[in-house]
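Peer 1: Here it is, the structure in full.
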2 protein chains.
Amino acid sequence: MRNPLLVPDLRELIQSGEVAALREFIEDQHPGRTAELIEDLEAEDGDSLFRILLPRDRAEVLSYLDTESQNRIVEAMPPQEAAELLHHMSHDERADLVNRLDEEFVDVVLPHLAQAEREDIRRLASYEPGTAGAVMTTDYVTLPAHITVREALDRLRHEAPDRETIYYCYVVDHNRRLIGFVSLKNLILSRRSALIEDIMQRDVIFGRLDEDQETVARQIDKYDLLALPIIDSTGRLVGIITHDDAMDILRQEQTEDILKFGGVSPDPEADTAPYWQSTVIDVVRRRIKWLLMLFVAENLTYPVLHYYDWMTDNSHFPALVFFLPLLLGTGGNAGSQTVGTIIRGMALGEIKGRDAWKVLLREWLIGLFLGLMLGTVGLLYARYWRGQPWGISSVVGLTLLGICMWANTIGALVPLLARKAGIDPAIISAPFISTLVDATGLVIYFTTAILLLIKMSH
Amino acid sequence: MRNPLLVPDLRELIQSGEVAALREFIEDQHPGRTAELIEDLEAEDGDSLFRILLPRDRAEVLSYLDTESQNRIVEAMPPQEAAELLHHMSHDERADLVNRLDEEFVDVVLPHLAQAEREDIRRLASYEPGTAGAVMTTDYVTLPAHITVREALDRLRHEAPDRETIYYCYVVDHNRRLIGFVSLKNLILSRRSALIEDIMQRDVIFGRLDEDQETVARQIDKYDLLALPIIDSTGRLVGIITHDDAMDILRQEQTEDILKFGGVSPDPEADTAPYWQSTVIDVVRRRIKWLLMLFVAENLTYPVLHYYDWMTDNSHFPALVFFLPLLLGTGGNAGSQTVGTIIRGMALGEIKGRDAWKVLLREWLIGLFLGLMLGTVGLLYARYWRGQPWGISSVVGLTLLGICMWANTIGALVPLLARKAGIDPAIISAPFISTLVDATGLVIYFTTAILLLIKMSH
């Protein structure tokens, strides 16, 4: 409940049917706020508030409602009204909504729309999810190259109410091929009699219909664009992707990195599946892949321990085992920290390919410092808290030093190698590094123990 | 190298001093592309290309260069030229640049700027990093309420060249208090004789000077804005934050979640420190905090193992130890997967407070399925690959079942509890969950062993 004070007043106005007062109240605020109010009210009152809105405002407010409320509200409408709402919606959201609605309902509503609109919905709904085509919209402004700025501004004024944005205009030839770009700012600053072809920018940054949605969203981010034009394989302009949709895509993709980092196998089809939309079986299928692979890798710890098993007769073995989870755990933690840092640095473009050696040296050095500190703590901890003799305590301390340097180095090395091999480094998860450190950390531990406790006592 | 074909040609043009041809080539392209070319060229050629640009274009191109190149190029300029460049830059980037430049150089350059500009730089540079004030810009358009649309458009035309955006205009009273908002689209669609106060939206979404940068960026994302006005404590408009800066902020914050998830202590001051800007000592300081805390937590594994140490006389103990890293590692991996999924679901707003029980049940169920599969694999693996007797193999299988259910449950429970307690759930890292699972997983392992191997054989 984001509007605890407003809601009771509103409920009263709605229930006593004060349409004029309600309209006036809503007119002055951002449609996103109205959507919040509708979500905060009981479903019935919320729906009444929605019905009070004028047709064009309805489309705006609807776009800020969650998908569940959108479906409920639209499916409760008479077909004629639903069609009018669709007519006013932005083209990409309209196609998404139709994709979600009950098919029978859609069959009754669509005939109320013009042929061109029906085709637009069908085309936009047909693109493969995750591609530029699936997220683009078709309500943008195009201009021919030969008209004047004055004529262009007149057109804009005429078309503005139906366009998602009028701030960017794309210049196309008679085959709809994209040949240039002008912003409304350029238009406003230019002489009214100038020709579009003389003021337009010819080197336009664009995306392709079948490109990955993340690739095109990154272009918008990189060049600080309000929208990116999308062309088909013949160079024809077929849509635009707007900055707010790019932001949503990047949020999706970036939070996905957390999923990968947690060790959940990225599934191209499930990319956009919200938490509640994937079934338990889907989730199990996606997670078991990684768990099994890591299980196989982790199983290397068995032969390593087995190899050292002649030491089980040695009186030191039980004491060494007591420290095992502590040492391996700390190594895994240090490795996770490093890989998290490196993946972030790569995602932000701060760590470039040519930096590999510098990164390795730096992380090794950090590992050295961390290892010296933790090693000292570990030595004293084993000696004085756990009452172990100096020999075993030294093994614990030295192992912590060695394991920290090692974990930091491979925590940096593995994502660097992954990127070099053309693999998304974000796939290098914390569990992956922990597992690697487990198997190799054991070697460090027991080798130190053999050198210090057994070889030295002979 | 993003432009392998262009670079040799460009180098030739630069070295033979073909200024006119270069200008023509650059004029037609997005300033971000020109910046890429400059970064792809050798430093000397890149600097020559930059010097060919007209003063206003220089400012645009500079904003797309990385900070290192920006500093190098500006510090090599004569003071007069540097001042002219600063004059044309967007106000927020200008303040950031001045903050980074050599102080002595700045002292020579600033006197070439007008008093108002010097003050603007000083004020913008003075806001606390991480707040709205530190990321806002001051080159926006304000309008008084009493003028007509025609007058407003004339003003815009006049001011546009120096403004970061003219698409959103903010209406202020004579005390600069924010009282309304009109978009350029509204202006274009309204009658030329209408008054601003009659067409403006009065309920403006705004942010406050001292708010966290993430909070204000989220407003821009949520309401699909091009810019968000920022007011001071008295309600006066003092700046705006643009959509492209909001995107940068959100990328920073979201990649930071990976850092937290990797177990690196979030440090409010280091929030915005790029990889190369924090010293090794800074990094060590930030990481050692978590490593020590986790070390303390992990140290619980010692008494647990110690408690079961009467079993060391038992003939089963060495075999049980061989499987220890495998079992604890798998538990940690399952826990990391779950916590990654939950943190993402929370970040996207898909998992709400009221869903807690549903989430726990769901993750426990996923753990049950994963545990049944891994347990079966583990049982067969121990029995047939490692040649262990059925008793020990069963302990391994049952422990995997128990540990998966347990790891999945606490991987969901801990971030849910953190949020309930008002703590950022993103702070619950993969290492944190692995450590928790290590200590408790041991109890599951040895309790199963005692029940199955020892109690049952009596």
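Residue numbering restarts at 1 in every chain; chains get A, B, ... in the order shown in the structure tokens, and ligands count up from 1 in that same order.
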With all Cα atoms paired residue by residue, do a least-squares superposition of chain B on chain A and hand back the transformed coordinates as a compact mmCIF listing (two decimals) with C-alpha atoms, in the first residue's frame.

Peer 2:
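Full text of selection_2.txt as output:
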```
# COMPACT_ATOMS: atom_id res chain seq x y z
CA MET B 1 0.88 0.10 0.14
CA ARG B 2 2.63 3.19 -1.22
CA ASN B 3 -0.22 5.62 -0.66
CA PRO B 4 -1.56 4.89 2.83
CA LEU B 5 -3.18 8.32 3.19
CA LEU B 6 -4.88 8.49 -0.17
CA VAL B 7 -6.40 5.05 -0.31
CA PRO B 8 -9.26 5.50 2.25
CA ASP B 9 -10.34 8.79 0.67
CA LEU B 10 -10.27 7.27 -2.77
CA ARG B 11 -12.28 4.27 -1.64
CA GLU B 12 -14.96 6.60 -0.39
CA LEU B 13 -15.08 8.57 -3.63
CA ILE B 14 -15.28 5.36 -5.64
CA GLN B 15 -17.99 3.82 -3.51
CA SER B 16 -20.13 6.95 -3.61
CA GLY B 17 -19.59 7.16 -7.38
CA GLU B 18 -18.00 10.64 -7.51
CA VAL B 19 -16.76 10.27 -11.07
CA ALA B 20 -16.02 13.94 -11.73
CA ALA B 21 -13.94 14.36 -8.57
CA LEU B 22 -12.02 11.18 -9.28
CA ARG B 23 -11.28 12.19 -12.85
CA GLU B 24 -10.01 15.57 -11.77
CA PHE B 25 -7.78 13.98 -9.15
CA ILE B 26 -6.31 11.50 -11.60
CA GLU B 27 -5.90 13.90 -14.50
CA ASP B 28 -3.20 15.84 -12.71
CA GLN B 29 -0.94 12.93 -11.94
CA HIS B 30 1.47 10.65 -13.74
CA PRO B 31 -0.27 7.50 -15.06
CA GLY B 32 2.28 5.43 -13.12
CA ARG B 33 0.92 6.89 -9.88
CA THR B 34 -2.65 6.05 -10.86
CA ALA B 35 -1.52 2.49 -11.56
CA GLU B 36 -0.02 2.30 -8.06
CA LEU B 37 -3.30 3.43 -6.54
CA ILE B 38 -5.20 0.79 -8.49
CA GLU B 39 -2.82 -1.88 -7.24
CA ASP B 40 -3.13 -0.60 -3.66
CA LEU B 41 -6.95 -0.70 -3.68
CA GLU B 42 -8.97 -3.90 -3.33
CA ALA B 43 -9.36 -5.55 -6.76
CA GLU B 44 -13.01 -4.44 -7.05
CA ASP B 45 -12.40 -0.78 -6.18
CA GLY B 46 -9.26 -0.76 -8.36
CA ASP B 47 -11.26 -2.03 -11.33
CA SER B 48 -13.94 0.63 -10.71
CA LEU B 49 -11.26 3.32 -10.68
CA PHE B 50 -9.85 2.00 -13.94
CA ARG B 51 -13.27 2.08 -15.60
CA ILE B 52 -13.66 5.76 -14.73
CA LEU B 53 -10.61 6.66 -16.85
CA LEU B 54 -10.97 7.98 -20.40
CA PRO B 55 -10.03 5.48 -23.13
CA ARG B 56 -6.62 7.04 -23.91
CA ASP B 57 -5.69 7.36 -20.25
CA ARG B 58 -6.68 3.75 -19.68
CA ALA B 59 -3.99 2.58 -22.09
CA GLU B 60 -1.34 4.68 -20.35
CA VAL B 61 -2.28 3.54 -16.86
CA LEU B 62 -2.54 -0.10 -17.92
CA SER B 63 1.07 -0.08 -19.11
CA TYR B 64 2.22 0.60 -15.52
CA LEU B 65 0.16 -2.21 -13.95
CA ASP B 66 1.73 -5.59 -13.28
CA THR B 67 0.91 -8.25 -15.85
CA GLU B 68 -1.46 -10.09 -13.51
CA SER B 69 -3.66 -7.02 -13.00
CA GLN B 70 -3.50 -6.21 -16.72
CA ASN B 71 -4.86 -9.63 -17.64
CA ARG B 72 -7.60 -9.50 -14.99
CA ILE B 73 -8.81 -6.04 -15.95
CA VAL B 74 -8.81 -6.58 -19.70
CA GLU B 75 -10.47 -9.98 -19.59
CA ALA B 76 -13.33 -8.50 -17.53
CA MET B 77 -14.10 -5.91 -20.24
CA PRO B 78 -16.74 -6.10 -22.96
CA PRO B 79 -14.94 -6.96 -26.26
CA GLN B 80 -15.67 -3.56 -27.81
CA GLU B 81 -14.09 -1.75 -24.89
CA ALA B 82 -11.09 -4.08 -24.79
CA ALA B 83 -10.54 -3.42 -28.50
CA GLU B 84 -10.62 0.33 -27.94
CA LEU B 85 -8.06 -0.07 -25.17
CA LEU B 86 -5.79 -2.12 -27.45
CA HIS B 87 -6.12 0.55 -30.12
CA HIS B 88 -4.68 3.17 -27.76
CA MET B 89 -1.89 1.04 -26.30
CA SER B 90 1.71 1.25 -27.43
CA HIS B 91 2.25 -1.37 -30.08
CA ASP B 92 4.83 -3.49 -28.30
CA GLU B 93 2.86 -3.71 -25.05
CA ARG B 94 -0.30 -4.46 -26.96
CA ALA B 95 1.34 -7.43 -28.67
CA ASP B 96 2.68 -8.70 -25.33
CA LEU B 97 -0.74 -8.38 -23.72
CA VAL B 98 -2.49 -10.25 -26.53
CA ASN B 99 0.11 -13.00 -26.19
CA ARG B 100 -0.83 -13.40 -22.54
CA LEU B 101 -4.64 -13.20 -22.79
CA ASP B 102 -6.99 -16.13 -23.05
CA GLU B 103 -7.17 -17.24 -26.68
CA GLU B 104 -10.95 -17.43 -26.84
CA PHE B 105 -11.21 -13.90 -25.49
CA VAL B 106 -8.72 -12.64 -28.07
CA ASP B 107 -10.71 -14.25 -30.88
CA VAL B 108 -13.75 -12.22 -29.82
CA VAL B 109 -11.85 -8.93 -29.36
CA LEU B 110 -9.59 -8.77 -32.43
CA PRO B 111 -12.38 -8.51 -35.03
CA HIS B 112 -13.24 -5.12 -33.45
CA LEU B 113 -9.84 -3.78 -34.53
CA ALA B 114 -8.85 -2.54 -37.98
CA GLN B 115 -7.15 -5.02 -40.30
CA ALA B 116 -3.82 -3.14 -40.11
CA GLU B 117 -3.82 -3.25 -36.33
CA ARG B 118 -4.58 -6.95 -36.25
CA GLU B 119 -1.68 -7.60 -38.57
CA ASP B 120 0.62 -5.41 -36.54
CA ILE B 121 -0.25 -7.36 -33.38
CA ARG B 122 0.24 -10.69 -35.11
CA ARG B 123 3.60 -9.66 -36.59
CA LEU B 124 5.01 -8.23 -33.36
CA ALA B 125 3.84 -11.27 -31.40
CA SER B 126 5.56 -13.61 -33.84
CA TYR B 127 9.20 -12.60 -33.30
CA GLU B 128 11.45 -14.93 -31.37
CA PRO B 129 11.60 -14.00 -27.66
CA GLY B 130 14.92 -12.40 -26.72
CA THR B 131 15.46 -10.78 -30.15
CA ALA B 132 15.20 -7.11 -31.07
CA GLY B 133 12.00 -7.91 -32.99
CA ALA B 134 10.26 -9.14 -29.88
CA VAL B 135 10.87 -5.94 -27.89
CA MET B 136 10.52 -3.28 -30.58
CA THR B 137 7.43 -1.18 -31.18
CA THR B 138 5.95 0.05 -34.44
CA ASP B 139 4.40 3.35 -33.31
CA TYR B 140 7.18 5.73 -34.38
CA VAL B 141 7.38 8.64 -36.81
CA THR B 142 8.89 8.41 -40.29
CA LEU B 143 9.53 11.31 -42.62
CA PRO B 144 10.36 11.46 -46.32
CA ALA B 145 13.62 13.24 -47.18
CA HIS B 146 12.20 15.83 -49.57
CA ILE B 147 9.79 17.72 -47.29
CA THR B 148 10.57 20.90 -45.37
CA VAL B 149 10.97 21.33 -41.65
CA ARG B 150 7.64 23.16 -41.52
CA GLU B 151 5.87 20.25 -43.20
CA ALA B 152 7.62 17.82 -40.90
CA LEU B 153 6.47 19.70 -37.79
CA ASP B 154 2.89 19.72 -39.09
CA ARG B 155 3.06 15.99 -39.59
CA LEU B 156 4.40 15.49 -36.10
CA ARG B 157 1.59 17.54 -34.61
CA HIS B 158 -0.86 15.39 -36.48
CA GLU B 159 0.69 12.04 -35.60
CA ALA B 160 1.93 12.74 -32.07
CA PRO B 161 -1.10 11.40 -30.17
CA ASP B 162 -0.57 7.90 -31.58
CA ARG B 163 3.20 7.69 -31.37
CA GLU B 164 5.31 6.31 -28.54
CA THR B 165 7.89 9.04 -29.15
CA ILE B 166 7.97 12.05 -31.46
CA TYR B 167 11.39 13.18 -30.30
CA TYR B 168 13.24 11.02 -32.81
CA CYS B 169 12.08 10.87 -36.43
CA TYR B 170 13.47 8.43 -38.96
CA VAL B 171 13.88 9.35 -42.61
CA VAL B 172 13.02 6.60 -45.10
CA ASP B 173 13.02 6.34 -48.89
CA HIS B 174 10.08 5.09 -50.97
CA ASN B 175 11.02 1.49 -50.11
CA ARG B 176 10.97 2.29 -46.37
CA ARG B 177 14.74 1.92 -46.28
CA LEU B 178 16.29 3.86 -43.42
CA ILE B 179 18.37 6.70 -44.87
CA GLY B 180 18.60 9.27 -42.10
CA PHE B 181 17.57 10.59 -38.74
CA VAL B 182 16.43 13.93 -37.25
CA SER B 183 15.58 14.74 -33.68
CA LEU B 184 12.76 17.06 -32.75
CA LYS B 185 15.44 19.31 -31.28
CA ASN B 186 17.11 19.56 -34.72
CA LEU B 187 13.73 20.36 -36.27
CA ILE B 188 12.98 23.09 -33.74
CA LEU B 189 16.41 24.64 -34.24
CA SER B 190 16.35 24.57 -38.07
CA ARG B 191 14.92 27.10 -40.48
CA ARG B 192 11.29 26.23 -41.28
CA SER B 193 12.07 26.16 -45.01
CA ALA B 194 15.07 23.82 -44.79
CA LEU B 195 14.70 20.37 -46.36
CA ILE B 196 14.86 17.30 -44.16
CA GLU B 197 17.54 15.78 -46.38
CA ASP B 198 19.78 18.79 -45.73
CA ILE B 199 19.52 18.67 -41.96
CA MET B 200 19.30 14.92 -41.31
CA GLN B 201 22.14 12.85 -39.90
CA ARG B 202 22.96 10.19 -42.50
CA ASP B 203 25.05 7.83 -40.43
CA VAL B 204 22.27 6.34 -38.30
CA ILE B 205 22.98 3.91 -35.48
CA PHE B 206 20.59 0.99 -35.85
CA GLY B 207 19.96 -2.59 -34.80
CA ARG B 208 18.79 -5.64 -36.71
CA LEU B 209 15.56 -7.58 -36.27
CA ASP B 210 17.20 -10.84 -35.25
CA GLU B 211 19.89 -9.38 -33.00
CA ASP B 212 19.94 -10.26 -29.32
CA GLN B 213 17.88 -7.84 -27.21
CA GLU B 214 20.88 -7.20 -24.98
CA THR B 215 23.05 -6.14 -27.94
CA VAL B 216 20.56 -3.50 -29.09
CA ALA B 217 19.87 -2.29 -25.54
CA ARG B 218 23.62 -1.79 -25.09
CA GLN B 219 23.72 0.46 -28.17
CA ILE B 220 21.06 2.68 -26.63
CA ASP B 221 23.04 2.79 -23.40
CA LYS B 222 26.37 3.44 -25.11
CA TYR B 223 25.24 6.27 -27.39
CA ASP B 224 22.72 7.76 -24.89
CA LEU B 225 19.86 7.41 -27.36
CA LEU B 226 16.14 7.85 -26.75
CA ALA B 227 15.39 5.11 -29.26
CA LEU B 228 17.18 2.79 -31.68
CA PRO B 229 15.73 2.03 -35.13
CA ILE B 230 15.50 -1.65 -36.09
CA ILE B 231 15.86 -2.76 -39.72
CA ASP B 232 15.14 -6.07 -41.43
CA SER B 233 17.55 -7.98 -43.67
CA THR B 234 16.76 -5.75 -46.65
CA GLY B 235 17.52 -2.51 -44.77
CA ARG B 236 13.87 -1.54 -44.32
CA LEU B 237 12.84 0.16 -41.10
CA VAL B 238 10.49 -2.15 -39.18
CA GLY B 239 10.45 -0.78 -35.63
CA ILE B 240 12.18 1.09 -32.84
CA ILE B 241 13.30 0.16 -29.35
CA THR B 242 12.82 2.91 -26.77
CA HIS B 243 15.16 3.89 -23.94
CA ASP B 244 12.78 2.70 -21.22
CA ASP B 245 12.53 -0.75 -22.77
CA ALA B 246 16.33 -0.82 -23.08
CA MET B 247 16.56 -0.09 -19.37
CA ASP B 248 14.21 -2.98 -18.59
CA ILE B 249 16.22 -5.31 -20.82
CA LEU B 250 19.52 -4.36 -19.21
CA ARG B 251 18.04 -4.82 -15.74
CA GLN B 252 16.84 -8.27 -16.77
CA GLU B 253 20.24 -9.18 -18.18
CA GLN B 254 22.22 -7.83 -15.26
CA THR B 255 20.13 -9.47 -12.60
CA GLU B 256 20.51 -12.60 -14.67
CA ASP B 257 24.24 -12.42 -14.02
CA ILE B 258 23.39 -12.97 -10.35
CA LEU B 259 21.49 -16.09 -11.31
CA LYS B 260 24.45 -17.38 -13.29
CA PHE B 261 26.80 -16.44 -10.51
CA GLY B 262 24.61 -18.41 -8.11
CA GLY B 263 25.11 -21.40 -10.39
CA VAL B 264 21.79 -21.63 -12.19
CA SER B 265 22.25 -22.74 -15.76
CA PRO B 266 21.22 -19.94 -18.13
CA ASP B 267 18.50 -21.16 -20.42
CA PRO B 268 17.95 -19.00 -23.52
CA GLU B 269 14.21 -19.64 -23.47
CA ALA B 270 13.83 -19.04 -19.78
CA ASP B 271 15.80 -15.80 -20.03
CA THR B 272 12.78 -13.65 -19.57
CA ALA B 273 10.71 -15.98 -17.39
CA PRO B 274 9.74 -14.18 -14.17
CA TYR B 275 10.11 -16.05 -10.89
CA TRP B 276 6.49 -17.18 -10.71
CA GLN B 277 6.12 -18.09 -14.35
CA SER B 278 8.56 -20.99 -14.42
CA THR B 279 7.19 -24.23 -13.02
CA VAL B 280 8.95 -26.13 -10.27
CA ILE B 281 9.91 -28.76 -12.83
CA ASP B 282 11.48 -26.13 -15.13
CA VAL B 283 13.51 -24.83 -12.23
CA VAL B 284 14.60 -28.29 -11.16
CA ARG B 285 15.65 -29.10 -14.72
CA ARG B 286 17.68 -25.90 -14.97
CA ARG B 287 19.39 -26.31 -11.61
CA ILE B 288 20.10 -30.04 -11.68
CA LYS B 289 22.37 -29.65 -14.73
CA TRP B 290 24.83 -27.53 -12.80
CA LEU B 291 24.47 -29.45 -9.57
CA LEU B 292 25.33 -32.69 -11.35
CA MET B 293 28.30 -31.16 -13.17
CA LEU B 294 29.59 -29.73 -9.92
CA PHE B 295 28.92 -33.06 -8.20
CA VAL B 296 31.16 -34.75 -10.74
CA ALA B 297 33.87 -32.14 -10.24
CA GLU B 298 33.53 -32.25 -6.47
CA ASN B 299 33.84 -36.02 -6.52
CA LEU B 300 37.57 -35.45 -7.18
CA THR B 301 37.89 -34.72 -3.48
CA TYR B 302 37.28 -38.42 -2.79
CA PRO B 303 40.41 -39.79 -4.47
CA VAL B 304 42.45 -36.95 -3.02
CA LEU B 305 41.34 -37.87 0.50
CA HIS B 306 41.76 -41.53 -0.37
CA TYR B 307 45.29 -40.92 -1.56
CA TYR B 308 46.14 -39.47 1.81
CA ASP B 309 44.34 -42.25 3.59
CA TRP B 310 47.51 -43.96 4.75
CA MET B 311 47.57 -41.00 7.10
CA THR B 312 44.40 -42.26 8.74
CA ASP B 313 46.63 -44.47 10.85
CA ASN B 314 48.50 -41.38 11.79
CA SER B 315 47.47 -39.90 15.09
CA HIS B 316 47.11 -36.47 13.49
CA PHE B 317 44.32 -37.40 11.10
CA PRO B 318 41.23 -36.77 13.29
CA ALA B 319 42.51 -33.33 14.32
CA LEU B 320 43.23 -32.47 10.68
CA VAL B 321 39.71 -33.51 9.70
CA PHE B 322 38.18 -31.17 12.27
CA PHE B 323 39.64 -28.20 10.38
CA LEU B 324 38.70 -29.48 6.94
CA PRO B 325 35.36 -27.64 6.40
CA LEU B 326 36.84 -24.45 7.82
CA LEU B 327 39.80 -24.45 5.44
CA LEU B 328 37.90 -25.46 2.33
CA GLY B 329 35.09 -23.05 3.18
CA THR B 330 37.48 -20.13 3.56
CA GLY B 331 39.14 -20.98 0.26
CA GLY B 332 35.76 -21.06 -1.47
CA ASN B 333 34.82 -17.73 0.08
CA ALA B 334 38.05 -16.04 -1.05
CA GLY B 335 37.54 -17.46 -4.54
CA SER B 336 33.94 -16.21 -4.70
CA GLN B 337 35.02 -12.71 -3.73
CA THR B 338 37.59 -12.62 -6.47
CA VAL B 339 35.40 -14.00 -9.21
CA GLY B 340 32.62 -11.56 -8.24
CA THR B 341 35.04 -8.65 -8.51
CA ILE B 342 36.41 -9.80 -11.87
CA ILE B 343 33.02 -10.44 -13.43
CA ARG B 344 31.85 -6.99 -12.37
CA GLY B 345 35.00 -5.35 -13.73
CA MET B 346 34.45 -7.12 -17.04
CA ALA B 347 30.74 -6.22 -17.17
CA LEU B 348 31.60 -2.55 -16.68
CA GLY B 349 34.36 -2.76 -19.30
CA GLU B 350 37.03 -1.87 -16.75
CA ILE B 351 38.99 -5.10 -17.19
CA LYS B 352 40.12 -5.49 -20.78
CA GLY B 353 41.80 -8.42 -22.50
CA ARG B 354 45.25 -6.84 -22.41
CA ASP B 355 45.02 -6.47 -18.61
CA ALA B 356 45.08 -10.22 -17.91
CA TRP B 357 48.56 -10.40 -16.41
CA LYS B 358 48.09 -7.28 -14.37
CA VAL B 359 44.83 -8.66 -12.99
CA LEU B 360 46.39 -12.00 -12.08
CA LEU B 361 49.33 -10.40 -10.32
CA ARG B 362 47.04 -8.02 -8.46
CA GLU B 363 44.65 -10.73 -7.28
CA TRP B 364 47.54 -12.99 -6.27
CA LEU B 365 48.97 -10.14 -4.23
CA ILE B 366 45.58 -9.54 -2.59
CA GLY B 367 45.47 -13.28 -1.86
CA LEU B 368 48.91 -13.07 -0.29
CA PHE B 369 47.85 -10.29 2.08
CA LEU B 370 44.52 -11.95 2.92
CA GLY B 371 46.34 -15.27 3.43
CA LEU B 372 48.90 -13.73 5.76
CA MET B 373 46.17 -12.25 7.92
CA LEU B 374 43.85 -15.27 7.92
CA GLY B 375 46.82 -17.61 8.33
CA THR B 376 47.91 -15.78 11.47
CA VAL B 377 44.35 -15.81 12.81
CA GLY B 378 44.04 -19.51 11.96
CA LEU B 379 47.35 -20.43 13.60
CA LEU B 380 46.42 -18.68 16.86
CA TYR B 381 42.88 -20.00 16.71
CA ALA B 382 44.03 -23.63 16.38
CA ARG B 383 46.74 -23.28 18.99
CA TYR B 384 44.92 -21.35 21.73
CA TRP B 385 41.19 -21.82 21.20
CA ARG B 386 41.20 -25.38 19.96
CA GLY B 387 44.27 -26.35 22.03
CA GLN B 388 46.07 -28.07 19.17
CA PRO B 389 49.84 -28.55 19.28
CA TRP B 390 52.06 -26.10 17.35
CA GLY B 391 52.58 -28.63 14.56
CA ILE B 392 48.94 -28.96 13.58
CA SER B 393 48.32 -25.26 14.24
CA SER B 394 51.12 -24.38 11.81
CA VAL B 395 49.64 -26.66 9.17
CA VAL B 396 46.30 -24.86 9.55
CA GLY B 397 47.95 -21.41 9.29
CA LEU B 398 50.11 -22.29 6.29
CA THR B 399 47.21 -23.95 4.49
CA LEU B 400 45.12 -20.79 4.90
CA LEU B 401 47.96 -18.77 3.38
CA GLY B 402 48.34 -21.17 0.47
CA ILE B 403 44.62 -21.60 -0.13
CA CYS B 404 43.95 -17.84 -0.18
CA MET B 405 46.67 -17.19 -2.76
CA TRP B 406 45.48 -20.12 -4.82
CA ALA B 407 41.75 -19.30 -4.59
CA ASN B 408 42.37 -15.67 -5.56
CA THR B 409 44.50 -16.69 -8.50
CA ILE B 410 42.03 -19.15 -9.98
CA GLY B 411 39.10 -16.86 -9.12
CA ALA B 412 40.71 -14.37 -11.51
CA LEU B 413 42.20 -16.84 -13.99
CA VAL B 414 39.05 -18.81 -14.78
CA PRO B 415 36.84 -15.89 -15.89
CA LEU B 416 39.77 -14.42 -17.86
CA LEU B 417 40.26 -17.74 -19.65
CA ALA B 418 36.52 -18.08 -20.22
CA ARG B 419 36.37 -14.73 -21.96
CA LYS B 420 39.46 -15.55 -24.01
CA ALA B 421 37.71 -18.76 -25.12
CA GLY B 422 34.65 -16.74 -26.14
CA ILE B 423 32.50 -17.95 -23.21
CA ASP B 424 30.41 -15.47 -21.21
CA PRO B 425 32.53 -15.02 -18.06
CA ALA B 426 29.38 -14.40 -16.02
CA ILE B 427 28.76 -18.13 -16.27
CA ILE B 428 31.70 -18.75 -13.93
CA SER B 429 29.70 -19.09 -10.76
CA ALA B 430 30.61 -18.91 -7.11
CA PRO B 431 29.79 -22.65 -6.74
CA PHE B 432 32.07 -23.44 -9.67
CA ILE B 433 35.03 -21.70 -8.05
CA SER B 434 34.25 -23.17 -4.60
CA THR B 435 34.21 -26.63 -6.11
CA LEU B 436 37.51 -26.09 -7.86
CA VAL B 437 39.04 -24.80 -4.65
CA ASP B 438 37.67 -27.74 -2.64
CA ALA B 439 39.46 -30.36 -4.72
CA THR B 440 42.72 -28.47 -5.03
CA GLY B 441 42.61 -27.04 -1.50
CA LEU B 442 42.69 -30.57 -0.09
CA VAL B 443 45.96 -31.20 -1.90
CA ILE B 444 47.43 -28.03 -0.39
CA TYR B 445 46.22 -29.06 3.08
CA PHE B 446 47.52 -32.60 3.16
CA THR B 447 50.73 -31.84 1.34
CA THR B 448 51.49 -29.21 3.96
CA ALA B 449 50.58 -31.73 6.68
CA ILE B 450 52.85 -34.42 5.23
CA LEU B 451 55.76 -32.04 4.84
CA LEU B 452 55.41 -30.48 8.25
CA LEU B 453 54.15 -33.26 10.48
CA ILE B 454 55.42 -36.46 8.99
CA LYS B 455 58.51 -35.75 6.92
CA MET B 456 59.86 -33.42 9.56
CA SER B 457 59.34 -35.87 12.40
CA HIS B 458 61.38 -38.55 10.55
```

Peer 1: If DSSP is run on the backbone, what residues of stretch 271-398 of chain B are helix (DSSP H, G or I)? A reply as a PyMOL selection string would be ideal.

Peer 2: chain B and resi 275-277+280-298+301-313+317-347+353-385+390-398

Peer 1: So which residues of stretch 121-326 of chain B fall under strand (DSSP E) by DSSP, listed as a ChimeraX atom specification?

Peer 2: /B:141-143,168-172,178-183,207-208,227-231,237-242
